[in-house]
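K.L.:
Sharing protein_22.cif here; it has mmCIF, C-alpha atoms and all ligand atoms.
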```cif
data_data
#
loop_
_atom_site.label_atom_id
_atom_site.label_comp_id
_atom_site.auth_asym_id
_atom_site.auth_seq_id
_atom_site.Cartn_x
_atom_site.Cartn_y
_atom_site.Cartn_z
CA MET A 1 -22.04 39.33 -7.21
CA SER A 2 -22.58 37.49 -10.46
CA ASN A 3 -25.74 37.54 -12.52
CA ALA A 4 -27.84 34.41 -12.57
CA THR A 5 -31.22 33.11 -13.53
CA LEU A 6 -33.29 30.70 -11.47
CA VAL A 7 -35.54 28.07 -13.06
CA ILE A 8 -38.41 26.40 -11.26
CA ASN A 9 -40.07 23.31 -12.67
CA ALA A 10 -42.97 22.21 -10.51
CA GLY A 11 -44.18 18.73 -11.50
CA SER A 12 -46.94 16.67 -9.98
CA SER A 13 -44.65 14.83 -7.55
CA SER A 14 -41.54 16.99 -7.63
CA ILE A 15 -40.12 20.48 -7.73
CA LYS A 16 -36.99 20.68 -9.82
CA PHE A 17 -34.87 23.80 -9.98
CA ALA A 18 -31.68 25.02 -11.55
CA VAL A 19 -29.43 28.04 -11.32
CA PHE A 20 -27.66 29.31 -14.44
CA SER A 21 -24.93 31.92 -14.32
CA LEU A 22 -24.83 34.58 -17.02
CA ALA A 23 -21.62 35.96 -18.45
CA GLU A 24 -21.93 39.75 -18.54
CA ASN A 25 -21.41 40.61 -22.22
CA THR A 26 -22.07 37.50 -24.22
CA VAL A 27 -25.01 36.36 -22.13
CA SER A 28 -24.10 32.70 -22.26
CA LEU A 29 -25.77 30.28 -19.87
CA HIS A 30 -23.86 27.92 -17.57
CA MET A 31 -25.69 25.64 -15.19
CA ILE A 32 -24.16 25.93 -11.73
CA TYR A 33 -26.67 24.17 -9.52
CA ARG A 34 -29.41 21.73 -10.21
CA GLY A 35 -31.65 20.28 -7.55
CA GLU A 36 -34.92 18.65 -6.82
CA ILE A 37 -37.38 17.84 -4.15
CA VAL A 38 -38.91 14.57 -5.26
CA GLY A 39 -41.56 12.29 -3.79
CA ILE A 40 -43.67 15.18 -2.47
CA GLY A 41 -46.60 13.72 -0.59
CA TYR A 42 -45.13 10.26 -0.09
CA ARG A 43 -41.34 10.09 0.38
CA PRO A 44 -39.80 13.55 0.08
CA HIS A 45 -36.13 13.89 -0.70
CA PHE A 46 -34.18 17.10 -1.34
CA THR A 47 -30.90 17.09 -3.25
CA VAL A 48 -28.76 19.74 -4.90
CA HIS A 49 -25.97 19.00 -7.37
CA ASP A 50 -23.29 21.33 -8.68
CA CYS A 51 -22.35 21.57 -12.35
CA THR A 52 -20.04 18.54 -12.08
CA GLY A 53 -22.88 16.40 -10.77
CA GLU A 54 -21.47 16.32 -7.21
CA ILE A 55 -24.08 16.44 -4.47
CA VAL A 56 -23.60 19.69 -2.58
CA SER A 57 -26.50 19.58 -0.22
CA VAL A 58 -28.57 16.71 0.99
CA ALA A 59 -27.50 15.12 4.28
CA LYS A 60 -27.89 18.44 6.07
CA GLN A 61 -31.40 18.67 4.68
CA SER A 62 -32.70 15.36 5.99
CA LEU A 63 -34.28 16.98 9.05
CA ILE A 64 -36.02 19.60 6.98
CA THR A 65 -37.05 17.01 4.43
CA GLU A 66 -39.16 15.18 6.98
CA ASN A 67 -41.35 18.26 7.17
CA ILE A 68 -42.12 18.37 3.45
CA ARG A 69 -45.67 17.12 3.19
CA SER A 70 -46.94 19.32 0.38
CA HIS A 71 -45.78 21.50 -2.50
CA ALA A 72 -46.17 24.54 -0.20
CA ASP A 73 -43.74 22.99 2.32
CA ALA A 74 -41.38 22.14 -0.54
CA PHE A 75 -41.34 25.75 -1.81
CA PHE A 76 -40.66 26.98 1.71
CA VAL A 77 -37.65 24.67 2.05
CA LEU A 78 -36.42 25.50 -1.46
CA PHE A 79 -36.63 29.30 -1.14
CA ASP A 80 -35.04 29.09 2.30
CA TRP A 81 -32.12 27.11 0.85
CA ILE A 82 -31.77 29.56 -2.05
CA ASN A 83 -31.79 32.61 0.25
CA HIS A 84 -29.17 31.10 2.53
CA SER A 85 -26.93 29.31 0.06
CA LEU A 86 -26.95 31.45 -3.07
CA SER A 87 -26.42 34.92 -1.68
CA GLU A 88 -23.45 35.49 -4.02
CA PHE A 89 -25.80 35.56 -7.02
CA LEU A 90 -27.91 38.40 -8.29
CA PHE A 91 -30.96 36.84 -9.89
CA ILE A 92 -31.98 38.89 -12.89
CA ALA A 93 -34.97 36.74 -13.79
CA VAL A 94 -36.83 33.59 -12.78
CA GLY A 95 -38.20 31.17 -15.36
CA HIS A 96 -41.11 28.91 -14.50
CA ARG A 97 -42.58 25.86 -16.10
CA VAL A 98 -46.31 26.45 -16.41
CA VAL A 99 -48.14 23.36 -17.54
CA HIS A 100 -51.22 24.90 -19.16
CA GLY A 101 -51.11 27.95 -21.42
CA GLY A 102 -54.39 27.24 -23.17
CA GLU A 103 -54.86 28.64 -26.68
CA LYS A 104 -53.72 32.09 -25.69
CA TYR A 105 -50.13 31.41 -24.60
CA SER A 106 -48.12 29.62 -27.26
CA ILE A 107 -44.85 31.42 -26.51
CA PRO A 108 -43.13 32.27 -23.19
CA VAL A 109 -44.23 35.54 -21.54
CA VAL A 110 -43.13 37.85 -18.73
CA VAL A 111 -45.75 37.31 -16.03
CA SER A 112 -48.01 40.25 -15.19
CA GLU A 113 -50.95 40.43 -12.82
CA GLU A 114 -53.32 40.06 -15.77
CA ILE A 115 -51.48 37.03 -17.16
CA LEU A 116 -51.45 35.40 -13.74
CA CYS A 117 -55.21 35.88 -13.57
CA ASN A 118 -55.61 34.20 -16.98
CA LEU A 119 -53.35 31.32 -15.97
CA LYS A 120 -55.46 30.71 -12.87
CA GLU A 121 -58.38 29.89 -15.17
CA PHE A 122 -56.52 26.75 -16.23
CA ILE A 123 -56.20 25.40 -12.68
CA PRO A 124 -59.22 23.09 -13.10
CA LEU A 125 -57.61 21.65 -16.26
CA ALA A 126 -54.29 20.85 -14.57
CA PRO A 127 -55.03 20.57 -10.84
CA LEU A 128 -51.86 18.59 -10.09
CA HIS A 129 -49.57 21.26 -11.55
CA GLN A 130 -51.00 24.69 -12.29
CA PRO A 131 -51.81 25.64 -8.65
CA TYR A 132 -48.23 24.93 -7.53
CA GLU A 133 -46.66 26.75 -10.46
CA ILE A 134 -48.85 29.77 -9.76
CA ALA A 135 -48.03 29.51 -6.04
CA ALA A 136 -44.32 29.64 -6.86
CA ILE A 137 -44.82 32.79 -8.96
CA GLU A 138 -46.94 34.44 -6.26
CA THR A 139 -44.51 33.56 -3.46
CA LEU A 140 -41.65 35.12 -5.40
CA THR A 141 -43.75 38.17 -6.28
CA GLN A 142 -44.35 38.72 -2.57
CA GLN A 143 -40.68 38.24 -1.68
CA GLN A 144 -39.26 40.22 -4.61
CA PRO A 145 -41.91 42.32 -6.39
CA GLU A 146 -39.40 43.72 -8.92
CA MET A 147 -38.17 40.32 -10.10
CA ARG A 148 -38.97 39.52 -13.74
CA GLN A 149 -40.67 36.16 -13.90
CA VAL A 150 -41.17 34.32 -17.18
CA ALA A 151 -43.79 31.63 -17.74
CA CYS A 152 -42.85 28.88 -20.21
CA PHE A 153 -45.65 26.59 -21.26
CA ASP A 154 -45.84 22.80 -21.58
CA THR A 155 -48.59 23.20 -24.16
CA ALA A 156 -46.65 25.51 -26.53
CA PHE A 157 -44.56 22.89 -28.37
CA HIS A 158 -47.68 21.13 -29.64
CA ARG A 159 -49.21 24.15 -31.37
CA THR A 160 -47.44 23.07 -34.60
CA GLN A 161 -49.74 20.03 -34.82
CA PRO A 162 -52.13 19.88 -37.74
CA ILE A 163 -55.60 21.03 -36.68
CA ILE A 164 -56.97 17.53 -37.20
CA ALA A 165 -54.64 16.24 -34.45
CA GLN A 166 -55.82 18.96 -32.06
CA GLN A 167 -59.54 18.44 -32.59
CA PHE A 168 -62.11 16.48 -30.63
CA SER A 169 -65.12 15.21 -32.53
CA LEU A 170 -67.47 17.52 -30.68
CA PRO A 171 -69.78 20.14 -32.24
CA ARG A 172 -67.80 23.08 -33.66
CA GLU A 173 -68.85 25.58 -31.00
CA PHE A 174 -66.91 23.63 -28.36
CA ARG A 175 -63.68 24.18 -30.25
CA GLN A 176 -64.40 27.90 -30.19
CA GLN A 177 -64.69 27.56 -26.40
CA GLY A 178 -61.15 26.18 -26.24
CA ILE A 179 -62.01 22.49 -25.92
CA LEU A 180 -58.94 21.28 -27.82
CA LYS A 181 -56.19 18.68 -27.58
CA TYR A 182 -53.42 20.88 -26.14
CA GLY A 183 -50.77 18.30 -25.28
CA PHE A 184 -48.19 18.61 -22.45
CA HIS A 185 -44.56 17.92 -21.49
CA GLY A 186 -43.76 20.32 -24.33
CA LEU A 187 -40.67 21.82 -22.67
CA SER A 188 -39.20 18.34 -22.30
CA TYR A 189 -40.04 17.51 -25.93
CA GLU A 190 -38.56 20.83 -27.06
CA TYR A 191 -35.29 19.99 -25.29
CA ILE A 192 -35.19 16.47 -26.78
CA ALA A 193 -35.95 17.91 -30.25
CA SER A 194 -33.08 20.37 -29.82
CA VAL A 195 -30.51 17.64 -29.07
CA LEU A 196 -31.84 14.89 -31.35
CA PRO A 197 -29.34 15.58 -34.18
CA GLU A 198 -26.44 15.03 -31.74
CA TYR A 199 -27.65 11.48 -31.19
CA LEU A 200 -29.53 10.51 -34.35
CA GLY A 201 -27.72 12.55 -37.01
CA SER A 202 -29.90 13.12 -40.08
CA ALA A 203 -32.51 10.62 -38.77
CA ALA A 204 -33.50 13.35 -36.30
CA GLU A 205 -35.39 14.98 -39.16
CA GLY A 206 -37.40 11.82 -39.71
CA ARG A 207 -40.28 10.18 -37.82
CA VAL A 208 -39.51 9.99 -34.10
CA ILE A 209 -41.61 9.09 -31.08
CA VAL A 210 -40.43 10.48 -27.74
CA ALA A 211 -41.75 8.72 -24.64
CA HIS A 212 -41.67 11.07 -21.64
CA LEU A 213 -42.29 8.56 -18.86
CA GLY A 214 -42.26 10.18 -15.43
CA HIS A 215 -44.82 10.51 -12.67
CA GLY A 216 -46.88 12.06 -15.46
CA ALA A 217 -46.36 10.21 -18.73
CA SER A 218 -46.99 11.00 -22.36
CA MET A 219 -45.62 10.29 -25.82
CA CYS A 220 -45.07 12.69 -28.68
CA ALA A 221 -44.83 11.90 -32.38
CA MET A 222 -42.39 14.26 -34.12
CA LYS A 223 -41.74 14.79 -37.79
CA ALA A 224 -38.70 16.93 -38.55
CA ARG A 225 -38.51 17.62 -34.77
CA ARG A 226 -41.94 19.22 -34.63
CA SER A 227 -44.90 17.79 -32.75
CA VAL A 228 -47.51 16.18 -34.98
CA ALA A 229 -49.45 14.20 -32.35
CA THR A 230 -49.32 13.44 -28.64
CA THR A 231 -51.13 11.25 -26.12
CA MET A 232 -52.17 13.88 -23.57
CA THR A 233 -54.97 16.08 -24.83
CA PHE A 234 -57.19 18.68 -23.10
CA SER A 235 -55.52 18.12 -19.72
CA PRO A 236 -52.59 16.06 -18.38
CA LEU A 237 -55.09 13.30 -17.51
CA ASP A 238 -55.39 11.69 -20.94
CA GLY A 239 -53.26 9.06 -22.67
CA LEU A 240 -51.04 6.64 -20.75
CA PRO A 241 -51.82 5.49 -17.21
CA MET A 242 -49.58 7.47 -14.83
CA GLY A 243 -48.47 7.45 -11.20
CA THR A 244 -51.90 8.37 -9.88
CA ARG A 245 -53.77 9.46 -13.06
CA CYS A 246 -56.00 7.14 -15.03
CA GLY A 247 -54.94 8.08 -18.58
CA ALA A 248 -57.40 7.49 -21.43
CA ILE A 249 -60.81 6.42 -20.23
CA ASP A 250 -64.24 6.13 -21.84
CA PRO A 251 -66.10 9.33 -20.82
CA ALA A 252 -69.14 7.11 -20.21
CA VAL A 253 -67.36 5.79 -17.10
CA VAL A 254 -67.52 9.30 -15.63
CA LEU A 255 -71.19 9.67 -16.57
CA TYR A 256 -71.97 6.26 -15.07
CA LEU A 257 -70.14 6.98 -11.80
CA MET A 258 -71.97 10.26 -11.40
CA LYS A 259 -75.41 9.16 -12.53
CA GLU A 260 -75.62 5.61 -11.21
CA LYS A 261 -73.10 5.55 -8.36
CA GLY A 262 -73.87 8.96 -6.87
CA MET A 263 -70.32 10.28 -7.06
CA ASP A 264 -70.11 14.06 -7.28
CA ILE A 265 -67.67 16.01 -9.47
CA ASP A 266 -65.05 16.40 -6.74
CA ALA A 267 -65.10 12.69 -5.92
CA VAL A 268 -64.66 11.73 -9.59
CA ALA A 269 -61.89 14.32 -10.06
CA ASP A 270 -60.12 12.93 -7.00
CA LEU A 271 -60.51 9.36 -8.29
CA LEU A 272 -59.13 10.09 -11.76
CA ASN A 273 -56.28 12.41 -10.72
CA TYR A 274 -55.08 11.03 -7.40
CA ARG A 275 -56.30 7.46 -6.90
CA SER A 276 -55.92 5.81 -10.30
CA GLY A 277 -53.02 4.84 -12.56
CA LEU A 278 -50.21 2.76 -11.04
CA LEU A 279 -51.42 3.56 -7.52
CA GLY A 280 -55.01 2.59 -8.22
CA VAL A 281 -54.28 -0.66 -10.06
CA SER A 282 -51.57 -1.83 -7.64
CA GLY A 283 -53.19 -0.54 -4.47
CA ILE A 284 -49.58 -0.12 -3.31
CA SER A 285 -47.82 2.88 -4.83
CA GLY A 286 -47.82 5.30 -7.76
CA ASP A 287 -44.04 5.19 -7.85
CA MET A 288 -42.69 2.90 -10.57
CA ARG A 289 -39.47 2.17 -8.69
CA GLU A 290 -41.41 0.96 -5.65
CA LEU A 291 -43.66 -1.24 -7.80
CA LEU A 292 -40.71 -2.81 -9.60
CA ALA A 293 -39.21 -3.71 -6.22
CA ASN A 294 -42.45 -5.24 -4.92
CA ASP A 295 -43.36 -8.89 -5.59
CA ASN A 296 -47.07 -8.44 -4.95
CA PRO A 297 -49.02 -9.61 -8.07
CA HIS A 298 -51.04 -6.38 -8.06
CA ALA A 299 -47.80 -4.41 -8.48
CA ALA A 300 -46.96 -6.61 -11.48
CA GLU A 301 -50.45 -6.05 -12.90
CA ALA A 302 -50.08 -2.27 -12.70
CA ILE A 303 -46.72 -2.46 -14.48
CA ASP A 304 -48.14 -4.83 -17.12
CA LEU A 305 -50.96 -2.36 -17.81
CA PHE A 306 -48.51 0.55 -18.10
CA VAL A 307 -46.38 -1.37 -20.61
CA TYR A 308 -49.41 -2.62 -22.56
CA CYS A 309 -50.87 0.89 -22.89
CA ALA A 310 -47.48 2.32 -23.88
CA GLY A 311 -47.24 -0.35 -26.60
CA ARG A 312 -50.69 0.50 -27.95
CA GLU A 313 -50.04 4.25 -27.94
CA LEU A 314 -46.77 3.65 -29.79
CA GLY A 315 -48.72 1.91 -32.54
CA SER A 316 -51.20 4.76 -32.72
CA LEU A 317 -48.50 7.45 -32.92
CA ALA A 318 -46.52 5.45 -35.50
CA ALA A 319 -49.71 5.39 -37.58
CA ALA A 320 -50.01 9.19 -37.24
CA LEU A 321 -46.41 9.45 -38.50
CA GLY A 322 -46.88 6.93 -41.31
CA GLY A 323 -44.03 4.79 -39.94
CA LEU A 324 -41.21 5.14 -37.47
CA ASP A 325 -37.47 5.84 -37.61
CA ALA A 326 -36.61 6.15 -33.92
CA LEU A 327 -38.00 5.82 -30.41
CA VAL A 328 -36.59 7.90 -27.54
CA PHE A 329 -37.14 7.31 -23.81
CA THR A 330 -36.84 10.15 -21.33
CA ALA A 331 -37.95 11.43 -17.84
CA GLY A 332 -37.79 9.53 -14.52
CA ILE A 333 -38.91 6.08 -15.70
CA GLY A 334 -37.63 6.46 -19.26
CA GLU A 335 -34.15 7.51 -18.14
CA HIS A 336 -33.71 5.06 -15.28
CA SER A 337 -35.76 1.92 -15.72
CA VAL A 338 -33.92 -0.67 -17.78
CA VAL A 339 -36.83 -3.09 -17.35
CA ILE A 340 -39.59 -0.77 -18.53
CA ARG A 341 -37.56 0.38 -21.54
CA GLU A 342 -36.85 -3.20 -22.53
CA ARG A 343 -40.47 -4.28 -22.12
CA ILE A 344 -41.83 -1.37 -24.15
CA CYS A 345 -39.27 -2.02 -26.88
CA ARG A 346 -40.39 -5.66 -26.99
CA GLU A 347 -44.03 -4.54 -27.35
CA ALA A 348 -42.81 -2.53 -30.36
CA ALA A 349 -40.83 -5.37 -31.97
CA TRP A 350 -43.42 -5.48 -34.77
CA LEU A 351 -42.42 -1.90 -35.66
CA GLY A 352 -38.83 -3.04 -36.21
CA ILE A 353 -37.25 -2.27 -32.82
CA ARG A 354 -34.64 -4.73 -31.55
CA VAL A 355 -33.39 -3.87 -28.09
CA ASP A 356 -29.71 -4.39 -27.27
CA GLU A 357 -29.93 -5.82 -23.75
CA THR A 358 -26.33 -4.99 -22.83
CA ALA A 359 -26.53 -1.40 -24.06
CA ASN A 360 -29.88 -0.94 -22.34
CA ALA A 361 -28.63 -2.39 -19.04
CA ALA A 362 -25.60 -0.07 -19.24
CA ASN A 363 -27.91 2.95 -19.70
CA ASN A 364 -26.20 3.78 -22.99
CA SER A 365 -27.72 6.43 -25.23
CA ARG A 366 -28.41 3.97 -28.03
CA ILE A 367 -30.26 0.95 -26.66
CA SER A 368 -31.16 -0.84 -29.91
CA THR A 369 -28.99 -3.24 -31.88
CA MET A 370 -27.13 -1.86 -34.88
CA ASP A 371 -29.33 -3.94 -37.22
CA SER A 372 -32.56 -2.69 -35.64
CA SER A 373 -34.51 -1.03 -38.48
CA VAL A 374 -35.97 1.44 -35.97
CA SER A 375 -33.40 2.75 -33.49
CA ALA A 376 -34.16 3.19 -29.77
CA TRP A 377 -32.53 5.70 -27.45
CA MET A 378 -32.34 6.92 -23.87
CA ILE A 379 -31.81 10.68 -23.73
CA PRO A 380 -32.00 12.54 -20.39
CA THR A 381 -34.35 15.49 -20.63
CA ASN A 382 -33.48 19.01 -19.48
CA GLU A 383 -36.62 21.11 -19.14
CA GLU A 384 -34.70 23.57 -16.95
CA LEU A 385 -32.24 24.49 -19.70
CA ILE A 386 -35.02 25.17 -22.19
CA ILE A 387 -36.82 27.32 -19.60
CA ALA A 388 -33.60 29.26 -18.84
CA GLU A 389 -33.01 29.90 -22.55
CA HIS A 390 -36.56 31.13 -23.07
CA THR A 391 -36.36 33.27 -19.95
CA ILE A 392 -33.21 35.09 -21.05
CA ARG A 393 -34.53 35.61 -24.58
CA VAL A 394 -37.85 36.96 -23.32
CA ILE A 395 -36.15 39.51 -21.09
CA GLY A 396 -34.02 40.62 -24.02
CA GLY A 397 -30.79 38.63 -23.71
CA ASN A 398 -28.75 37.70 -26.76
CA LEU A 399 -28.13 34.11 -25.92
CA HIS A 400 -25.29 31.72 -26.69
CA CYS A 401 -25.62 28.52 -24.72
CA GLY A 402 -22.70 26.76 -23.01
N1 LIG B 501 -34.48 3.65 -11.29
C1 LIG B 501 -35.78 3.81 -11.53
N2 LIG B 501 -36.54 2.76 -11.92
C2 LIG B 501 -37.85 2.89 -12.14
N3 LIG B 501 -38.52 4.04 -12.02
C3 LIG B 501 -37.82 5.13 -11.65
C4 LIG B 501 -36.43 5.08 -11.39
N4 LIG B 501 -36.01 6.33 -11.04
C5 LIG B 501 -37.11 7.11 -11.07
N5 LIG B 501 -38.18 6.40 -11.43
C6 LIG B 501 -39.58 6.83 -11.53
O1 LIG B 501 -39.73 8.06 -12.21
C7 LIG B 501 -40.96 8.66 -11.77
C8 LIG B 501 -40.72 10.15 -11.51
O2 LIG B 501 -40.36 10.73 -12.74
P1 LIG B 501 -40.08 12.30 -12.87
O3 LIG B 501 -39.91 12.57 -14.32
O4 LIG B 501 -38.94 12.69 -12.00
O5 LIG B 501 -41.43 12.88 -12.26
P2 LIG B 501 -42.25 14.21 -12.39
O6 LIG B 501 -43.35 13.84 -13.32
O7 LIG B 501 -42.70 14.54 -11.03
O8 LIG B 501 -41.32 15.26 -13.02
C9 LIG B 501 -41.39 7.90 -10.52
O9 LIG B 501 -42.43 6.99 -10.86
C10 LIG B 501 -40.14 7.11 -10.16
O10 LIG B 501 -40.41 5.92 -9.49
C1 LIG B 502 -47.82 17.46 -17.57
C2 LIG B 502 -47.38 16.47 -16.56
O1 LIG B 502 -47.98 15.44 -16.39
O2 LIG B 502 -46.24 16.78 -15.87
P1 LIG B 502 -45.48 15.87 -14.80
O3 LIG B 502 -45.01 14.68 -15.56
O4 LIG B 502 -44.33 16.72 -14.35
O5 LIG B 502 -46.45 15.50 -13.75
MG MG B 503 -41.85 16.17 -14.84
#
```
Mind converting the file's structure to structure tokens?
Ligand SMILES: Nc1ncnc2c1ncn2[C@@H]1O[C@H](COP(=O)(O)OP(=O)(O)O)[C@@H](O)[C@H]1O
Ligand SMILES: CC(=O)OP(=O)(O)O
Ligand SMILES: [Mg+2]

P.N.:
Amino acid sequence: MSNATLVINAGSSSIKFAVFSLAENTVSLHMIYRGEIVGIGYRPHFTVHDCTGEIVSVAKQSLITENIRSHADAFFVLFDWINHSLSEFLFIAVGHRVVHGGEKYSIPVVVSEEILCNLKEFIPLAPLHQPYEIAAIETLTQQQPEMRQVACFDTAFHRTQPIIAQQFSLPREFRQQGILKYGFHGLSYEYIASVLPEYLGSAAEGRVIVAHLGHGASMCAMKARRSVATTMTFSPLDGLPMGTRCGAIDPAVVLYLMKEKGMDIDAVADLLNYRSGLLGVSGISGDMRELLANDNPHAAEAIDLFVYCAGRELGSLAAALGGLDALVFTAGIGEHSVVIRERICREAAWLGIRVDETANAANNSRISTMDSSVSAWMIPTNEELIIAEHTIRVIGGNLHCG
């Protein structure tokens, strides 16, 4: 049996996972399997790839996949696959993405009963993520009580931001109560920051905006590879419009809906989290790929709004950085949608970005022309690797990555 670590990354519409083997003495990490259950709740699909990128399990899963209607179903299918297919590995630890760590958790931790209790307090702030991440930890605790489980937080990367970027203009006592701009997608940004020099060379230490555009979407302004500002704030609801989330909205809209339209808290929460964004505006789907393939004008309107908001947020983050050296696209939409990348780059032409249509269409890493004063890039994210590295370090491994 060889030692391995399992990583679970529960997103709002997907559960991604990866298995890393661990060499006995050197403790170096090698990814051996990577898989995902995507489209949970609308069009579930389960795939597993080996380290060469070959699909090792999918066709056989199609029957099971039909039964995945919720994150709970997805975990059942995933753990069943792991128990049956990975019996040659001895898992020494499991690393989890946990979206909200609040003020208290700014570094990864080994999960205890007390920590789990604290993390449950953040469920109302991240209802599309935190419950599923906690469910994954609890399911594993039941199955294997001795397993060390490490929580790695999406919020942690942003704790380097200047206080002014983390503050709301509310009376001081609210800050003491933890009403702060936390920021999210931090594990993805941490990975991108770690590989930026490989792509950008010395420009990696300059002013870079990373656009994590997935089912949830945000942007992060980095100076010298550290977060200085981001579009998501107190919860993963703020900033850009997303698959089903509204993004930035005047808080008076909430007050109006409740006071004048008789909507209660649950109805408003449901509206803003599950019925808005691309889904709400199009009335068709929250999935960017489906909207791009649909010729209904409402689909086009939802995409136009997404691109427009991304363009405006880019301007705001460039202002926070005092200029811009590079723009990086990542996550589901950022990595795969040639059209959205090109349109956002065109919105940012005034900042000095000139998209290279051929390079963009070919999904090259560099997607801007060589004479573009601000370079643009597509860099696939790898939240799982960052989680695995943290997990091994937290349990005391002396890590060299491979
Ligand atoms: N080829 C593509 N073109 C456009 N959008 C895509 C493409 N591939 C994936 N996407 C979009 O990426 C989003 C999912 O991103 P992902 O980062 O995997 O999600 P999650 O936030 O659940 O981790 C969906 O909106 C999906 O439609
Ligand atoms: C924080 C967040 O929105 O995550 P995801 O993009 O995985 O939904
Ligand atoms: Mg994600």

K.L.:
List the spatial neighbours of Gly41 in chain A as a VMD selection string - criterion: any atom at most 8 Å away, only C-alpha atoms, same-chain residues fewer than 3 positions off excluded.

P.N.:
chain A and resid 13 44 68 to 70

K.L.:
Give me, as a tab-separated table, each residue of chain A that comes within 8 Å of ligand LIG 502 (chain B), together with its shortest interatomic pair and the distance in Å at one decimal, counting all atoms listed in the file, with rows ordered by chain and rising residue number.

P.N.:
```
residue	atom	partner	partner_atom	distance
A:Ala10	CA	B:LIG502	O4	6.8
A:Gly11	CA	B:LIG502	O4	3.5
A:Ser12	CA	B:LIG502	O5	4.0
A:Ser13	CA	B:LIG502	O5	6.5
A:Ser14	CA	B:LIG502	O4	7.3
A:Val99	CA	B:LIG502	C1	5.9
A:Ala126	CA	B:LIG502	C1	7.9
A:Leu128	CA	B:LIG502	O5	7.2
A:His129	CA	B:LIG502	O5	6.9
A:Asp154	CA	B:LIG502	C1	7.0
A:Phe184	CA	B:LIG502	C1	5.0
A:His185	CA	B:LIG502	C1	5.1
A:His212	CA	B:LIG502	O3	7.8
A:Leu213	CA	B:LIG502	O3	7.5
A:Gly214	CA	B:LIG502	O3	5.3
A:His215	CA	B:LIG502	O3	5.1
A:Gly216	CA	B:LIG502	O3	3.2
A:Ala217	CA	B:LIG502	O3	5.6
A:Ser218	CA	B:LIG502	O1	7.5
A:Pro236	CA	B:LIG502	C1	5.0
A:Leu237	CA	B:LIG502	O1	7.5
```

K.L.:
So that I can check the surroundings of range 277-287 of chain A, please list as a PyMOL selection string every protein, DNA and RNA residue that reaches within 12 Å of it, counting all atoms listed in the file and ignoring chain neighbours fewer than 5 positions away.

P.N.:
chain A and resi 12-13+38-43+213-217+237-249+270-272+292-307+309+332-333+337

K.L.:
What is the distance, in Å and to one decimal place, between CA of Asn364 in chain A and CA of Phe329 in chain A?

P.N.:
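These two atoms are separated by 11.5 Å.
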
K.L.:
Using Å and a single decimal, report how far CA of Leu140 in chain A sits from CA of His96 in chain A.

P.N.:
11.0 Å

K.L.:
Would you please work out which residue, of A:Lys120, A:Arg225, A:His84, A:Lys16, is nearest to ligand LIG 501 (chain B) when using all atoms listed in the file?

P.N.:
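Using all atoms listed in the file, the shortest distance to ligand LIG 501 (chain B) belongs to A:Lys16.
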
K.L.:
If we draw a sphere of 12 Å around (-62.6, 20.0, -28.8), which residues have at least one atom in it when counting all atoms listed in the file? Please report them as a PyMOL selection string.

P.N.:
chain A and resi 103+163-182+233-235

K.L.:
Using Å and a single decimal, report how far CA of Glu313 in chain A sits from CA of Tyr274 in chain A.

P.N.:
22.2 Å

K.L.:
With 6 Å of padding per side, what axis-aligned box (centre and edge lengths, Å, one decimal) covers all the listed atoms of range 145-153 of chain A? Give it as AutoDock Vina command-line options.

P.N.:
```
--center_x -41.9 --center_y 35.2 --center_z -13.8 --size_x 19.5 --size_y 29.1 --size_z 26.9
```

K.L.:
Which residues come within 12 Å of Ser202 in chain A, counting only C-alpha atoms, excluding same-chain residues fewer than 6 positions away, as a count of residues only?

P.N.:
7

K.L.:
List every protein, DNA or RNA residue that has at least one atom no more than 10 Å from (-55.0, 28.7, -18.5) in the file's coordinates, counting all atoms listed in the file, and write the result as a PyMOL selection string.

P.N.:
chain A and resi 98-105+115-126+130+153

K.L.:
Residues within 12 Å of Ser372 in chain A, please, as a list in words. Count only C-alpha atoms; anything in the same chain fewer than 3 positions from it doesn't count.

P.N.:
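After dropping sequence-adjacent residues, the list is Leu324, Asp325, Ala326, Leu327, Cys345, Ala348, Ala349, Trp350, Leu351, Gly352, Ile353, Arg354, Val355, Asp356, Arg366, Ile367, Ser368, Thr369, Ser375, Ala376 and Trp377 of chain A.
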
K.L.:
Write out as number ranges by chain the residues lying within 7 Å of range 387-394 of chain A, counting only C-alpha atoms and excluding same-chain residues fewer than 3 positions away.

P.N.:
A: 5, 7, 95-97, 108-109, 150, 152, 383-384, 397-399

K.L.:
Suppose we keep C-alpha atoms; can you now write the selection as an mmCIF file, in the frame of the given file?

P.N.:
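Generated file (out.cif):
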```cif
data_model
loop_
_atom_site.group_PDB
_atom_site.id
_atom_site.type_symbol
_atom_site.label_atom_id
_atom_site.label_comp_id
_atom_site.auth_asym_id
_atom_site.auth_seq_id
_atom_site.Cartn_x
_atom_site.Cartn_y
_atom_site.Cartn_z
ATOM 1 C CA THR A 5 -31.220 33.110 -13.530
ATOM 2 C CA VAL A 7 -35.540 28.070 -13.060
ATOM 3 C CA GLY A 95 -38.200 31.170 -15.360
ATOM 4 C CA HIS A 96 -41.110 28.910 -14.500
ATOM 5 C CA ARG A 97 -42.580 25.860 -16.100
ATOM 6 C CA PRO A 108 -43.130 32.270 -23.190
ATOM 7 C CA VAL A 109 -44.230 35.540 -21.540
ATOM 8 C CA VAL A 150 -41.170 34.320 -17.180
ATOM 9 C CA CYS A 152 -42.850 28.880 -20.210
ATOM 10 C CA GLU A 383 -36.620 21.110 -19.140
ATOM 11 C CA GLU A 384 -34.700 23.570 -16.950
ATOM 12 C CA GLY A 397 -30.790 38.630 -23.710
ATOM 13 C CA ASN A 398 -28.750 37.700 -26.760
ATOM 14 C CA LEU A 399 -28.130 34.110 -25.920
#
```
